[in-house]
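Enquirer: Input: one structure, supplied below.
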Amino acid sequence: MEKFNLEYYQKSADYILKHITERPKIAIILGSALGGVAERVENKITISYKDIPNMLRSTAPAHKGEYVFGNIGQQSVMIASGRFHHYEGYSYEQLAGPIRIMKLLGVKALIVTNAAGAVNLDYSVGDIMLIEDHIKLNGYSPMRGPNIDEFGPRFFDCTYIYKPQLLDLARSRAKALNLEDILQQGVYYFCPGPNFETPAEIRAIRILGGDAVGMSTVTETLTAAHCGIDVLGLSMITNMAAGVTADLQSGQDVIDTGKKTAGIVADFICDIVEHLEK
Ligand code: HPA
């Protein structure tokens with residue numbers, strides 16, 4: 001197994017720094033079907049994951065596998081077009097890597113997006129859920145193993161893991177954009193996949209307090225919390241979770257339905273980015 005230490009991640013960051021002109025302040029990780037956000041970036045510099053030393057490779061469908069650096073409005077951003085999941089075979093420790101590279105590049109705020117199934121029966125397909133909190137009761141932490149003190153302390157707080165100020169900003173921008181009808185706020189429940197959940201698991205998740213369920217995001221958020229990057233999380237509700245209707249779950253349906261709302265979500269994200277403090 002690789003030896004994860006500061007030098008390991010610095011090697012990736014140094015390669016990227018040689019190819020960009022401005023350090024990014026905001027990072028956006030694109031979930032399934034959200035690739036369109038990258039098209040809104042100006043002054044683009046694209047770096048393929050496969051060219052970056054010590055970087056993971058994207059294998060999930062509808063995930064491209066490149067960073068796009070540039071500007072949205074006045075902001076300097078980096079977009080991760082293609083993210084990594086535990087179900088691809090990566091360990092939780094490996095999933096910390098891309099976030100630690102962002103930290104070394106100077107990122108202060110991270111917007112994580114995903115496609116998710118609705119557990120909350122008041123939600124509808126096409127809704128956008130602001131992630132107020134998450135539940136991850138399976139598997140261990142991405143911060144397991146020797147602590148890298150340069151990133152953060154051994155034990156770290158998760159009380160305000162989704163930054164309240166960013167949630168407030170997202171709420172007020174949703175109002176300004178007339179998105180309130182489709183805006184939900186709730187708890188993201190992490191299930192590692194790649195299987196969709198069983199109806200009994202979804203009923204259990206509902207009792208435990210989950211509003212939406214998905215296979216990503218949480219390891220990234222935990223890593224960001226450890227190294228002091230502020231997080232805003234958005235779930236695009238692409239399906240009702242297993243057992244809510246008689247429909248079967250399908251990855252292709254998630255992508256197809258996601259594409260229908262992706263434009264609205266992309267506008268919302270760009271608007272939030274432009275209204276973040278410079
Ligand atoms: N379950 C898990 N992950 C998902 C779902 C779901 O229903 N929809 C989109 N990603």
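Residues in the structure tokens are named by chain (A, B, ... in the order shown) and by number from 1 within that chain; ligands are numbered from 1 in the order shown.
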Which residues sit within 7 Å of ligand 1, counting only C-alpha atoms and all ligand atoms, listed as an MDAnalysis selection string?
Expert: chainID A and resid 115:118 191 193 196:197 213:215 238:242 249 254
Enquirer: Set out as JSON lines a contact list for range 21-130 of chain A and range 154-168 of chain A with a cut-off of 12 Å, giving each residue of range 21-130 of chain A that qualifies its closest atom pair and distance in Å to one decimal, counting only C-alpha atoms, ordered by chain and rising residue number.
Expert:
{"residue": "A:Lys108", "atom": "CA", "partner": "A:Lys163", "partner_atom": "CA", "distance": 11.8}
{"residue": "A:Ala109", "atom": "CA", "partner": "A:Leu166", "partner_atom": "CA", "distance": 9.1}
{"residue": "A:Leu110", "atom": "CA", "partner": "A:Tyr162", "partner_atom": "CA", "distance": 10.0}
{"residue": "A:Ile111", "atom": "CA", "partner": "A:Leu166", "partner_atom": "CA", "distance": 9.4}
{"residue": "A:Val112", "atom": "CA", "partner": "A:Tyr162", "partner_atom": "CA", "distance": 10.2}
{"residue": "A:Met129", "atom": "CA", "partner": "A:Leu167", "partner_atom": "CA", "distance": 10.9}
{"residue": "A:Leu130", "atom": "CA", "partner": "A:Leu167", "partner_atom": "CA", "distance": 7.3}
Enquirer: Using DSSP on the backbone coordinates, identify the residues of range 47-156 of chain A assigned to alpha helix (DSSP H); present them as a PyMOL selection string.
Expert: chain A and resi 92-95+97-105
Enquirer: Listing only residues of range 122-169 of chain A within 12 Å of range 1-15 of chain A, what is the closest atom pair and its distance in Å (to one decimal) for each, using only C-alpha atoms, sorted by chain and residue number ascending, as CSV?
Expert:
residue,atom,partner,partner_atom,distance
A:Pro142,CA,A:Phe4,CA,11.6
A:Met143,CA,A:Phe4,CA,10.8
A:Arg144,CA,A:Phe4,CA,11.1
A:Gly145,CA,A:Phe4,CA,9.1
A:Pro146,CA,A:Phe4,CA,8.6
A:Asn147,CA,A:Asn5,CA,8.8
A:Ile148,CA,A:Asn5,CA,6.5
A:Asp149,CA,A:Leu6,CA,9.1
A:Glu150,CA,A:Leu6,CA,7.4
A:Phe151,CA,A:Leu6,CA,8.3
A:Gly152,CA,A:Leu6,CA,11.6
Enquirer: I want to know what sits within 6 Å of range 182-184 of chain A, based on only C-alpha atoms, with residues of the same chain fewer than 2 positions away left out; could you give that as a PDB file with C-alpha atoms, in the first residue's frame?
Expert:
ATOM      1  CA  ASP A 127     -35.675  18.423  -6.103  1.00  0.00           C
ATOM      2  CA  ILE A 128     -32.359  19.816  -4.916  1.00  0.00           C
ATOM      3  CA  MET A 129     -31.438  19.015  -1.305  1.00  0.00           C
ATOM      4  CA  LEU A 179     -35.897  27.723  -6.633  1.00  0.00           C
ATOM      5  CA  GLU A 180     -37.755  27.444  -3.339  1.00  0.00           C
TER       6      GLU A 180
END
Enquirer: What does the structure give for the distance between CA of Ile26 in chain A and CA of Ile131 in chain A, in Å to one decimal?
Expert: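 Taking CA of Ile26 in chain A as the start and CA of Ile131 in chain A as the end point, the length is 17.9 Å.
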